[in-house]
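K.L.:
Mind looking over this structure? Questions follow.
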Amino acid sequence: MARNKEGLVLLLDVGPSMHGALQEVENVCSTLLRKKLVYNRSDEVGIVLFGTKETCNDLAKEIGGYKHVVVKHDIKVVEEGTKDALQNLPRGTAPGDFLDAIVVGLDMLIKRFGNTKGKHRLCLITDSQHPLRDPPEGTKEDQVDTIAEQMKKHDIKMDCIVFRESGVQHNSVMDENDQLLYHFRDRSVAKVVQVDTPTSLLGALKTRIVLPVTIFRGDLEVSSNLKIKVWVYKKTSEEKFPTLKKYSDQAPPSDKFASHEVKVDFEYKSILEPDTVVPPDQRIKGYLYGPQVVPISSAEWEAVKFKPEKGVKLLGFADRSSIPRHYFMKDVNSFVPEPGNKKATVAVSAIARAMQEMNKVAILRCVWRQGQGNVAFGVLTPNISSVNNVPDSFFFNILPFSEDIREFQFRSFSSLPSSSQPTEEQQEAADSLVKMLDLAPPGREEILRPDFTPNPMLERFYSFLDLKSKEPDANAPPLDKCLRRITEPDSDIIDYQAPLIQNLGKAFELKDNPKRKKARTQERLNYTAADDQTKKSADPYAEKAKAIEVLYPSAEKVGKIGDLNPVQDFEAMLTERSSSIWVQKAIEEMQKYTTVLIENSPQGDYYQKALECIVALRKACIIEQEPNEFNQFLTKLYKRLKNVDDVAKFFQLLSSKNVSLISKEEAPDSDVTEEMARSFYLKPEASSQ
Amino acid sequence: MDLDPEGIFRDDSDEDDDNLHEREANKEMVVYLIDASPKMFTPATTAQSDEKQETHFHTIVNCITQSLKTQIIGRSHDEVSICFFNTKEKKNLQDLAGVYVYNVTEREPLDRPDARLIKEFSCIEDSFMNNIGSRYGITSGSRENTLYNALWVAQALLRKGSVKTVVKRILIFTNEDDPFGGITGAAKTDMIRTTIQRAKDAQDLGLSIELLPLSRPDEDFNMSLFYADLIGLEGDDIVQYVPSAGDKLEDMTNQLRKRMMKKRKVKTLAFAITNDVCIEACSDYLSVLCSFTKCCCDLSINYLLLFVGAITWLDSISNLPLKAERSFICNDTGALLQNPQKRFQLYNDKVVKFSVRELSDVKRVASHHLRLLGFKPLDCLKDYHNLRPSTFIYPSDEQVFGSTRVFVALHSSMLRLGRFALAFYGTPTRPQLVALVAQEEVISSGGQNEPPGMHMIYLPYSDDVRYPEEVHLTSGDAPRGTDEQIKKASNLLRRTELKNFSVHDFANPALQKHYGILEALALGEDEMPDIKDETLPDEEGMARPGIVKAIEEFKASVFGENYDQEEAEAAASKAGASKKRKAITDAASQKSAAYDWADLADTGKLKEMTVMDLKSYLTAHGLPVSGKKEAIISRILTHLGK
């Protein structure tokens, strides 16, 4: 087995309490698989569901027990089928027992790989809310010990993601379960993270494993006779957008093995004779110095250039306040004591803790490799570990050199004219905004913590890639709702704080500068809906329709509302205004689709989607001046379904989002007053009571 | 050198979006107008008489030399001209009295700075009096107006290049706040009027005139006497211009240096603080509503990491630059292609094609500005939440009136409540979460140390963060330093503290050396400059007994008494490992000596031998043993010289 090949088993809790998050679970696992399909084609993945109604696993067959655990997909090299196995995860009915699932997953890994070398991993996503089955003998702790022993023996690691929405009350069962998971961690076989929003669930699972490589192994020289052995790793490193290769369409279609790659060739030609190519050995490097070009051969350069000695040297310690946070220049490194070296671990720990206590930082000068042409100059800050079996370490940040700093002067705020100074009332409005839009409220996990926030652009790219592999003409999908939370403020909070925000708006008077009405600037600064895709299809109803056709060559396909992006399809249909029939047709289609969606949504799973559809329909009806079309539709729908138990919840949702009839104020053609619109959902209820 | 600061923020898919500002800031032409009147040569400080006293003239020469040096490294396409006024000699195109345009050979009066200019200008003081000379320009007897002349010359120098693409500046250095003080009556008002008119004309042509006043110890520079009118300042602005008391010349040099660098706006951004839900509903409301909720800010780069190594390829015979030509060749057919517009990614062994347009659509996950998401306490910003140099944000009222006010209000709330703002910055190249950390203004005697505004710190995503400390876990608890050991470490920290540490004190040794060498070569000097590496630790200081003692104590408490000895033993056992390696090589050479390799090669019998036997030859001769059998054989043949 190749060194970098990974064997992974996903253990997914699909029990009743997880239903709300299954979509996200599906998304994050899909991203993981997609990345494997791009970068690690030979990795093997298996999928185990637990908390299911059924039972289907080897252990249950062989020795019995292990109920409600289903092996959805055996460990196999990743392929299309692995992804399909993740589609439409069943809604389980039994409370999930994660220990059972771990044992099943472990058994699969051991059976599949035996003692072969390689990376083997279990990945558990659960809410761990339900009491676990008591083991036949011993305590649960003992059971965990046995499992951990097995995992260690076969060199298997586990990632546990515990997902609980912020509203959930803690109880003793959860505490016990958490203790068990932490017990795994203490036995150094597992890593446990707790998340409380769907968005951070998407970020909690590492979707691509990069083999950690040291950039330096050696001494941290405090002085010539005090040296501490350390290894230096990267702590942060930007995961880049994949570099796509250029495509060549020259190969004949019959050629199945065509690589379609494009080779880029560079040729250097003399200015005097543009036709002759200068061979590499006749070229010499010229360094720019102002307008002059100084030719130096590489041998000459080697003789004179700056050649620092390899080594990491301490310059001294400084107050933390002397290094402001914005001086940190690049990605961060981590200084870890040499593994297995107890004395180095203690030395690092003692210094790190002393630094923490005294609020100091260390200034270092690092040359990672012999022959490196520059030095890294930076600051070491302590990283005190909160987990018992993880050693203390340092973070290292690069600082700028004096040449790198641009010292611009800006006018101090205190000397600004009074027209730019906030009044007391305005200051108060700003204060309350800062206080209310709190992303780290006490008593719950920090929202949008960078460590648990996925990259929306990459998430979108990989799902687009997947979509395109099936439908080559597909358009880029809009951002998922959870990912929107990263790019825009949370609409729930905004709704909740609406008066406050209006206050801020009222307190400050902002006006566009009329002198600067340059079309381009204006357009750029204008508020654009966060997702430009929707914006493009939503607002250019009139003259941009043609442009849309160019942008979306798949316009012929328009005419049906698909399951994938109903709102987008609908809007695409509306923009297709070659004849007025289209508008009518689009509205009809949307009505039909939404009705089906609501009626076929037994557990309310599609209500969010239906809500989006209705909002889109309502908006379109206002713009198209067809308010009655919408009002009739909504009234009919309501009359027909209001007494169906489940659907009543949907109308409550509509009413809470203020999605009601279109009133006269919004569209003059409507014959509904504002009053009627507001009380639309209330009146029938009142009468039924 | 392709190091324009805008490059960092250039968006490949959104080019025309940013061009607006990039164009504005692309190139700069500066004329330094230096007052050379005798007043500039009087001692600048009232300091003790035994010291050698520095003059303002000296300060200015130093500053300009420094600035030229930075410029040649970072912004070598900018053009400069140095011009003295109130001189005895005259040298300018218009042949006006009292103005001397300084230049060196092989260079236009207004041109990019080169090595010779820097070299000769830096020692201009020695020859200044003999070659150029100094005198009072505007005196009661004569009808000369040297300041007027100087402005005219500067304006003429800046004639080339369009104002649209080039920033043109005139920087006046003087310590005379009342240039027309020496004359009276109608002649004075007349001269003032014409001079101000000249300045106005220049400003109307798009030239900006800036003043770098130098205060003398006995009296402060009084802007309102004349210069406020000249550069068109009013009211509050004047305060800005007056430097703080010029007691310390060093501080003044600092201030001048900061002022000489032109701020470059990277781009103006809308900062959407909140948006009402109803905005989406009706596009007509859009501009009205959203103007309530966004303010504008300018971004500027305060840090630009400089690297060495911008090169062009030259023909080694003629030393003429070479032109690189790129061609695209189809890998399958070998056909020459025009720049292909499609990209592809291998996915599940399938080729998935994208158009460039589609890719830029995918990358556009949010509108192109800052979106406020909320606030967090400052301790949520961890030390490892960093990827790139930060960017500085300062409010601008240019596009939306009232922006500054909102910004100032938020700024002070954030400072007071100890919060930073989390925002989403939707550039198409890399849309990213950013932390906006409010920066309080810090002023020291040397002027503004930290300008007020916000620092935009780019945060990593979950996929960008790694956990190297968890890679090597032991089953037991990791050892920690005991209280005793921590105490010893604290003592060590206290002993080796760097007092008044500032990053400004450390120059990049690699860069210094690089440009030192280039300068020497450009000027044809034989001797290579010796650059002091400021980043090396202070060995002497570390050898002080107090520090040595603190280190020894810490070492004893952490490593134990016999650490050095143990280390030596460990090193010895490592040597054991290398002994083993040597033994293997010896065995291999013995084995390989059993064959007559040259003969085997000649008769072609190498193919019949086993790989193990073949490898013995490679090991014995210290060659790499990797590869397939053919590769190994060919390596042996090459080594045998066949």
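Residues are named by chain letter and number: chains run A, B, ... in the order of the structure tokens, numbers start at 1 in each chain, and ligands are numbered from 1 in the order shown.
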Can you pull out the residues contacting Val45 in chain A? Cut-off 9 Å, using only C-alpha atoms, and skip same-chain residues under 5 positions away; I want them as a VMD selection string.

P.N.:
chain A and resid 6 to 10 33 73 to 78 82

K.L.:
Can you pull out the residues contacting Lys609 in chain A? Cut-off 9 Å, using only C-alpha atoms, and skip same-chain residues under 5 positions away; I want them as a PyMOL selection string.

P.N.:
chain A and resi 566-567+594+597+614

K.L.:
Residues within 7 Å of range 415-425 of chain A, please, as a PDB file with N, CA and C atoms, in the first residue's frame. Count only C-alpha atoms; anything in the same chain fewer than 4 positions from it doesn't count.

P.N.:
ATOM      1  N   ALA A 429     -25.406  54.670  19.155  1.00  0.00           N
ATOM      2  CA  ALA A 429     -25.944  53.715  18.182  1.00  0.00           C
ATOM      3  C   ALA A 429     -24.856  52.743  17.736  1.00  0.00           C
TER       4      ALA A 429
ATOM      5  N   GLY B 402     -20.418  61.147   4.735  1.00  0.00           N
ATOM      6  CA  GLY B 402     -20.788  60.651   6.059  1.00  0.00           C
ATOM      7  C   GLY B 402     -20.101  59.346   6.398  1.00  0.00           C
ATOM      8  N   THR B 404     -16.972  58.768   6.889  1.00  0.00           N
ATOM      9  CA  THR B 404     -15.972  58.957   7.932  1.00  0.00           C
ATOM     10  C   THR B 404     -16.626  58.944   9.303  1.00  0.00           C
ATOM     11  N   ARG B 405     -17.775  59.560   9.385  1.00  0.00           N
ATOM     12  CA  ARG B 405     -18.434  59.653  10.676  1.00  0.00           C
ATOM     13  C   ARG B 405     -18.814  58.258  11.201  1.00  0.00           C
ATOM     14  N   VAL B 408     -15.607  56.452  12.189  1.00  0.00           N
ATOM     15  CA  VAL B 408     -15.017  56.942  13.441  1.00  0.00           C
ATOM     16  C   VAL B 408     -15.820  56.424  14.631  1.00  0.00           C
ATOM     17  N   ALA B 409     -17.137  56.434  14.489  1.00  0.00           N
ATOM     18  CA  ALA B 409     -17.985  55.966  15.595  1.00  0.00           C
ATOM     19  C   ALA B 409     -17.716  54.488  15.878  1.00  0.00           C
TER      20      ALA B 409
END

K.L.:
Taking 3 positions as the minimum chain separation for residues in the same chain, which residues sit within 12 Å of range 277-285 of chain A when counting only C-alpha atoms? Answer as a PyMOL selection string.

P.N.:
(chain A and resi 266-274+288+293-301) or (chain B and resi 309-325)

K.L.:
Show which residues sit within 12 Å of range 631-639 of chain A, as a short mmCIF file (atom, residue, chain, number, x, y, z; two decimals) with N, CA and C atoms, in the first residue's frame. Count only C-alpha atoms, and ignore same-chain residues fewer than 3 positions away.

P.N.:
data_model
loop_
_atom_site.label_atom_id
_atom_site.label_comp_id
_atom_site.auth_asym_id
_atom_site.auth_seq_id
_atom_site.Cartn_x
_atom_site.Cartn_y
_atom_site.Cartn_z
N ILE A 587 -44.78 31.26 -14.05
CA ILE A 587 -45.51 31.36 -12.79
C ILE A 587 -46.32 30.08 -12.55
N GLU A 588 -46.92 29.58 -13.60
CA GLU A 588 -47.70 28.34 -13.46
C GLU A 588 -46.81 27.19 -13.03
N MET A 590 -44.04 27.25 -11.52
CA MET A 590 -43.55 27.43 -10.16
C MET A 590 -44.63 27.07 -9.16
N GLN A 591 -45.85 27.44 -9.48
CA GLN A 591 -46.95 27.12 -8.57
C GLN A 591 -47.10 25.62 -8.44
N LYS A 592 -47.04 24.96 -9.59
CA LYS A 592 -47.19 23.51 -9.58
C LYS A 592 -46.08 22.88 -8.76
N THR A 594 -44.14 24.12 -6.47
CA THR A 594 -44.18 24.40 -5.03
C THR A 594 -45.24 23.54 -4.35
N THR A 595 -46.39 23.43 -4.99
CA THR A 595 -47.46 22.64 -4.39
C THR A 595 -47.00 21.20 -4.18
N VAL A 596 -46.36 20.66 -5.23
CA VAL A 596 -45.87 19.28 -5.12
C VAL A 596 -44.88 19.17 -3.97
N ILE A 598 -44.62 20.94 -1.29
CA ILE A 598 -45.22 21.01 0.05
C ILE A 598 -45.96 19.72 0.37
N GLU A 599 -46.65 19.23 -0.63
CA GLU A 599 -47.46 18.03 -0.37
C GLU A 599 -46.61 16.79 -0.15
N ILE A 614 -41.58 30.09 -2.73
CA ILE A 614 -42.72 31.01 -2.59
C ILE A 614 -42.24 32.45 -2.55
N VAL A 615 -41.12 32.67 -1.87
CA VAL A 615 -40.60 34.04 -1.81
C VAL A 615 -40.23 34.51 -3.22
N LEU A 617 -41.45 33.44 -6.03
CA LEU A 617 -42.68 33.60 -6.79
C LEU A 617 -43.35 34.93 -6.46
N ARG A 618 -43.34 35.24 -5.17
CA ARG A 618 -43.99 36.46 -4.71
C ARG A 618 -43.26 37.67 -5.30
N CYS A 621 -44.04 38.05 -8.93
CA CYS A 621 -45.39 38.53 -9.17
C CYS A 621 -45.50 40.02 -8.93
N ILE A 622 -44.71 40.53 -7.99
CA ILE A 622 -44.74 41.98 -7.76
C ILE A 622 -44.11 42.69 -8.95
N GLN A 625 -46.15 42.60 -12.09
CA GLN A 625 -47.48 43.19 -11.92
C GLN A 625 -48.59 42.14 -12.04
N GLU A 626 -48.37 41.02 -11.44
CA GLU A 626 -49.37 39.96 -11.44
C GLU A 626 -49.74 39.58 -10.00
N PRO A 627 -50.07 40.53 -9.16
CA PRO A 627 -50.26 40.22 -7.74
C PRO A 627 -51.40 39.22 -7.52
N ASN A 628 -52.43 39.33 -8.35
CA ASN A 628 -53.58 38.46 -8.11
C ASN A 628 -53.25 36.99 -8.36
N LYS A 642 -54.60 23.97 5.06
CA LYS A 642 -54.35 24.51 6.40
C LYS A 642 -54.69 23.52 7.50
N ASN A 643 -55.55 22.57 7.19
CA ASN A 643 -55.93 21.65 8.26
C ASN A 643 -55.10 20.37 8.29
N VAL A 644 -54.20 20.26 7.30
CA VAL A 644 -53.29 19.12 7.36
C VAL A 644 -52.22 19.46 8.41
N VAL A 647 -48.57 20.49 7.39
CA VAL A 647 -48.46 21.65 6.54
C VAL A 647 -48.76 22.92 7.32
N ALA A 648 -49.55 22.79 8.36
CA ALA A 648 -49.85 23.97 9.19
C ALA A 648 -48.54 24.61 9.67
N LYS A 649 -47.58 23.73 9.96
CA LYS A 649 -46.28 24.24 10.42
C LYS A 649 -45.64 25.11 9.34
N PHE A 650 -45.86 24.69 8.10
CA PHE A 650 -45.27 25.44 6.99
C PHE A 650 -45.88 26.85 6.93
N PHE A 651 -47.18 26.91 7.16
CA PHE A 651 -47.79 28.24 7.10
C PHE A 651 -47.32 29.11 8.25
N GLN A 652 -47.06 28.45 9.37
CA GLN A 652 -46.50 29.22 10.48
C GLN A 652 -45.15 29.82 10.07
N LEU A 654 -44.22 30.54 7.04
CA LEU A 654 -44.47 31.64 6.11
C LEU A 654 -44.84 32.90 6.87
N SER A 655 -45.71 32.72 7.83
CA SER A 655 -46.19 33.89 8.55
C SER A 655 -45.06 34.52 9.35
N VAL A 659 -44.27 36.33 4.88
CA VAL A 659 -44.62 36.06 3.48
C VAL A 659 -46.13 35.89 3.43
N SER A 660 -46.79 36.93 3.02
CA SER A 660 -48.25 36.87 2.99
C SER A 660 -48.73 37.33 1.63
N LEU A 661 -50.02 37.70 1.55
CA LEU A 661 -50.55 38.17 0.27
C LEU A 661 -49.84 39.46 -0.15
N ILE A 662 -49.92 39.72 -1.45
CA ILE A 662 -49.33 40.97 -1.94
C ILE A 662 -50.37 42.07 -1.77
N SER A 663 -49.97 43.12 -1.09
CA SER A 663 -50.95 44.16 -0.80
C SER A 663 -50.89 45.25 -1.86
N LYS A 664 -51.86 46.16 -1.77
CA LYS A 664 -51.95 47.28 -2.72
C LYS A 664 -50.69 48.12 -2.71
N ALA A 667 -48.11 46.37 -4.96
CA ALA A 667 -48.46 46.34 -6.37
C ALA A 667 -49.85 46.93 -6.52
N ASP A 669 -52.04 46.84 -8.67
CA ASP A 669 -53.09 46.00 -9.26
C ASP A 669 -53.78 45.11 -8.23
N SER A 670 -53.17 44.96 -7.11
CA SER A 670 -53.73 44.02 -6.13
C SER A 670 -55.01 44.59 -5.52
N ASP A 671 -55.94 43.69 -5.18
CA ASP A 671 -57.12 44.19 -4.50
C ASP A 671 -57.13 43.77 -3.02
N VAL A 672 -55.93 43.53 -2.51
CA VAL A 672 -55.80 43.18 -1.10
C VAL A 672 -55.22 44.37 -0.36
N THR A 673 -55.83 44.74 0.74
CA THR A 673 -55.27 45.86 1.51
C THR A 673 -54.15 45.32 2.40
N MET A 676 -55.47 43.30 5.27
CA MET A 676 -55.85 41.93 4.92
C MET A 676 -54.62 41.04 4.83
N ALA A 677 -53.57 41.58 4.23
CA ALA A 677 -52.35 40.79 4.07
C ALA A 677 -51.78 40.41 5.42
N PHE A 680 -53.80 37.73 7.23
CA PHE A 680 -54.17 36.59 6.39
C PHE A 680 -54.11 35.26 7.14
N TYR A 681 -53.03 35.06 7.87
CA TYR A 681 -52.88 33.77 8.55
C TYR A 681 -53.64 33.74 9.86
N LEU A 682 -53.94 34.89 10.39
CA LEU A 682 -54.56 34.94 11.72
C LEU A 682 -56.04 34.66 11.68
N PRO A 684 -58.37 33.02 9.88
CA PRO A 684 -59.00 31.69 9.87
C PRO A 684 -58.76 30.97 11.20
N GLU A 685 -57.59 31.21 11.75
CA GLU A 685 -57.29 30.56 13.01
C GLU A 685 -58.26 31.03 14.07
#

K.L.:
Residues within 7 Å of Val232 in chain A, please, as a PDB file with N, CA and C atoms, in the first residue's frame. Count only C-alpha atoms; anything in the same chain fewer than 5 positions from it doesn't count.

P.N.:
ATOM      1  N   THR A 214       8.236  18.675   7.974  1.00  0.00           N
ATOM      2  CA  THR A 214       8.968  19.686   8.739  1.00  0.00           C
ATOM      3  C   THR A 214       9.725  20.589   7.794  1.00  0.00           C
ATOM      4  N   ILE A 215       9.820  21.882   8.195  1.00  0.00           N
ATOM      5  CA  ILE A 215      10.679  22.762   7.406  1.00  0.00           C
ATOM      6  C   ILE A 215      12.036  22.881   8.061  1.00  0.00           C
ATOM      7  N   PHE A 216      12.125  22.427   9.299  1.00  0.00           N
ATOM      8  CA  PHE A 216      13.396  22.527   9.997  1.00  0.00           C
ATOM      9  C   PHE A 216      13.415  21.504  11.127  1.00  0.00           C
ATOM     10  N   ARG A 217      14.515  20.797  11.288  1.00  0.00           N
ATOM     11  CA  ARG A 217      14.713  19.971  12.469  1.00  0.00           C
ATOM     12  C   ARG A 217      16.080  20.321  13.023  1.00  0.00           C
ATOM     13  N   ASN A 333       4.141  29.374  11.389  1.00  0.00           N
ATOM     14  CA  ASN A 333       4.808  28.108  11.634  1.00  0.00           C
ATOM     15  C   ASN A 333       4.594  27.696  13.072  1.00  0.00           C
ATOM     16  N   SER A 334       4.811  26.433  13.338  1.00  0.00           N
ATOM     17  CA  SER A 334       4.669  25.917  14.678  1.00  0.00           C
ATOM     18  C   SER A 334       5.988  25.277  15.088  1.00  0.00           C
ATOM     19  N   PHE A 335       6.495  25.659  16.256  1.00  0.00           N
ATOM     20  CA  PHE A 335       7.718  25.056  16.792  1.00  0.00           C
ATOM     21  C   PHE A 335       7.306  23.981  17.786  1.00  0.00           C
ATOM     22  N   VAL A 336       7.547  22.746  17.458  1.00  0.00           N
ATOM     23  CA  VAL A 336       7.149  21.638  18.318  1.00  0.00           C
ATOM     24  C   VAL A 336       8.429  21.026  18.888  1.00  0.00           C
TER      25      VAL A 336
END

K.L.:
Nearest to Ala510 in chain B: which of B:Ala438, B:Ile531, B:Cys123, B:Val356 is it, counting only C-alpha atoms?

P.N.:
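Among the listed residues, B:Ile531 lies closest to Ala510 in chain B.
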
K.L.:
So which bits of range 105-300 of chain A end up strand (DSSP E or B) when you DSSP the backbone, as a ChimeraX atom specification?

P.N.:
/A:119-126,156-163,190-195,216-223,226-234,236,245-246,262-270,277,283-289,292-296

K.L.:
Using the selection just defined, write its residues with C-alpha atoms as a short mmCIF file (atom, residue, chain, number, x, y, z; two decimals), in the first residue's frame.

P.N.:
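Result file selection32.cif:
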data_model
loop_
_atom_site.label_atom_id
_atom_site.label_comp_id
_atom_site.auth_asym_id
_atom_site.auth_seq_id
_atom_site.Cartn_x
_atom_site.Cartn_y
_atom_site.Cartn_z
CA LYS A 119 -3.02 5.60 7.13
CA HIS A 120 -6.28 4.28 8.49
CA ARG A 121 -8.87 6.55 9.91
CA LEU A 122 -12.35 6.51 11.34
CA CYS A 123 -14.44 9.61 11.12
CA LEU A 124 -17.39 9.88 13.46
CA ILE A 125 -20.11 12.50 13.14
CA THR A 126 -22.70 12.31 15.88
CA ILE A 156 -5.92 3.57 13.40
CA LYS A 157 -6.85 7.15 14.23
CA MET A 158 -10.25 8.65 14.76
CA ASP A 159 -11.77 12.08 14.24
CA CYS A 160 -14.91 12.73 16.28
CA ILE A 161 -17.19 15.60 15.45
CA VAL A 162 -19.90 16.20 18.00
CA PHE A 163 -22.64 18.35 16.58
CA ALA A 190 -8.82 10.32 18.65
CA LYS A 191 -9.38 13.98 18.16
CA VAL A 192 -12.67 15.43 19.38
CA VAL A 193 -14.24 18.69 18.24
CA GLN A 194 -17.57 20.14 19.29
CA VAL A 195 -19.53 22.36 16.92
CA PHE A 216 13.40 22.53 10.00
CA ARG A 217 14.71 19.97 12.47
CA GLY A 218 17.42 21.03 14.82
CA ASP A 219 18.38 23.32 17.62
CA LEU A 220 16.61 26.37 18.86
CA GLU A 221 19.71 28.22 20.06
CA VAL A 222 18.95 30.32 23.09
CA SER A 223 22.64 30.85 23.47
CA LEU A 226 21.69 26.24 25.57
CA LYS A 227 20.08 24.51 22.65
CA ILE A 228 16.63 23.00 22.54
CA LYS A 229 15.77 20.39 19.94
CA VAL A 230 12.71 21.42 17.95
CA TRP A 231 10.87 20.50 14.79
CA VAL A 232 9.22 23.22 12.77
CA TYR A 233 6.02 22.65 10.84
CA LYS A 234 3.60 24.85 9.00
CA THR A 236 -1.34 27.63 8.51
CA LYS A 245 -4.62 22.80 -16.89
CA LYS A 246 -5.09 24.36 -20.27
CA VAL A 262 -1.08 21.92 -23.50
CA LYS A 263 2.64 22.33 -23.24
CA VAL A 264 3.92 25.83 -22.80
CA ASP A 265 7.23 26.54 -24.43
CA PHE A 266 9.42 29.54 -23.81
CA GLU A 267 11.88 30.72 -26.38
CA TYR A 268 14.30 33.55 -25.88
CA LYS A 269 15.08 35.64 -28.87
CA SER A 270 17.58 38.40 -29.32
CA VAL A 277 16.65 31.54 -30.71
CA ARG A 283 21.87 33.36 -21.65
CA ILE A 284 22.98 35.28 -18.62
CA LYS A 285 20.91 36.77 -15.85
CA GLY A 286 20.62 40.52 -15.69
CA TYR A 287 19.58 42.08 -12.41
CA LEU A 288 17.69 45.32 -12.48
CA TYR A 289 19.02 48.27 -10.61
CA GLN A 292 20.38 49.78 -15.38
CA VAL A 293 20.59 46.07 -15.98
CA VAL A 294 23.59 44.47 -14.33
CA PRO A 295 24.64 41.19 -15.96
CA ILE A 296 26.02 38.63 -13.54
#

K.L.:
Using only C-alpha atoms, tabulate the residues of range 501-611 of chain B lying at most 12 Å from any atom of range 470-483 of chain B, each with its closest atom pair and that distance in Å to one decimal, by chain and increasing residue number, as CSV.

P.N.:
residue,atom,partner,partner_atom,distance
B:Phe554,CA,B:Gly481,CA,11.1
B:Ser557,CA,B:Thr482,CA,9.6
B:Val558,CA,B:Gly481,CA,8.0
B:Phe559,CA,B:Gly481,CA,11.2

K.L.:
As an exercise, work out the distance from CA of Asn331 in chain B to CA of Pro242 in chain A in Å and give it to one decimal place.

P.N.:
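Separating CA of Asn331 in chain B from CA of Pro242 in chain A is a distance of 20.7 Å.
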
K.L.:
Which residue, A:Phe113, A:Tyr182, A:Phe50, A:Phe396, has the smallest gap to chain B when you use only C-alpha atoms?

P.N.:
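Checking each candidate against chain B, we get A:Phe396 as the closest.
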
K.L.:
Please measure the separation of CA of Leu459 in chain B and CA of Asn386 in chain B, giving the value in Å to one decimal.

P.N.:
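Taking CA of Leu459 in chain B as the start and CA of Asn386 in chain B as the end point, the length is 5.5 Å.
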
K.L.:
As a PyMOL selection string, please: every residue in range 123-260 of chain A that a backbone DSSP assignment puts in helix (DSSP H, G or I).

P.N.:
chain A and resi 140-153+172-186+198-204

K.L.:
In Å to one decimal, how far is CA of Ile443 in chain B from CA of Ser224 in chain B?

P.N.:
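CA of Ile443 in chain B lies 24.3 Å from CA of Ser224 in chain B.
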
K.L.:
Looking at only C-alpha atoms, which of B:Asp586, B:Asp599, B:Glu358, B:Glu89 is the one that sits closest to chain A?

P.N.:
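Of all the options, B:Glu358 lies closest to chain A.
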
K.L.:
Skipping near chain neighbours, those fewer than 5 positions away, what residues fall within 10 Å of Arg164 in chain A using only C-alpha atoms, listed as JSON, numbers by chain?

P.N.:
{"A": [17, 18, 21, 126, 127, 128, 129, 169, 170, 194, 195, 196, 197, 198, 201]}
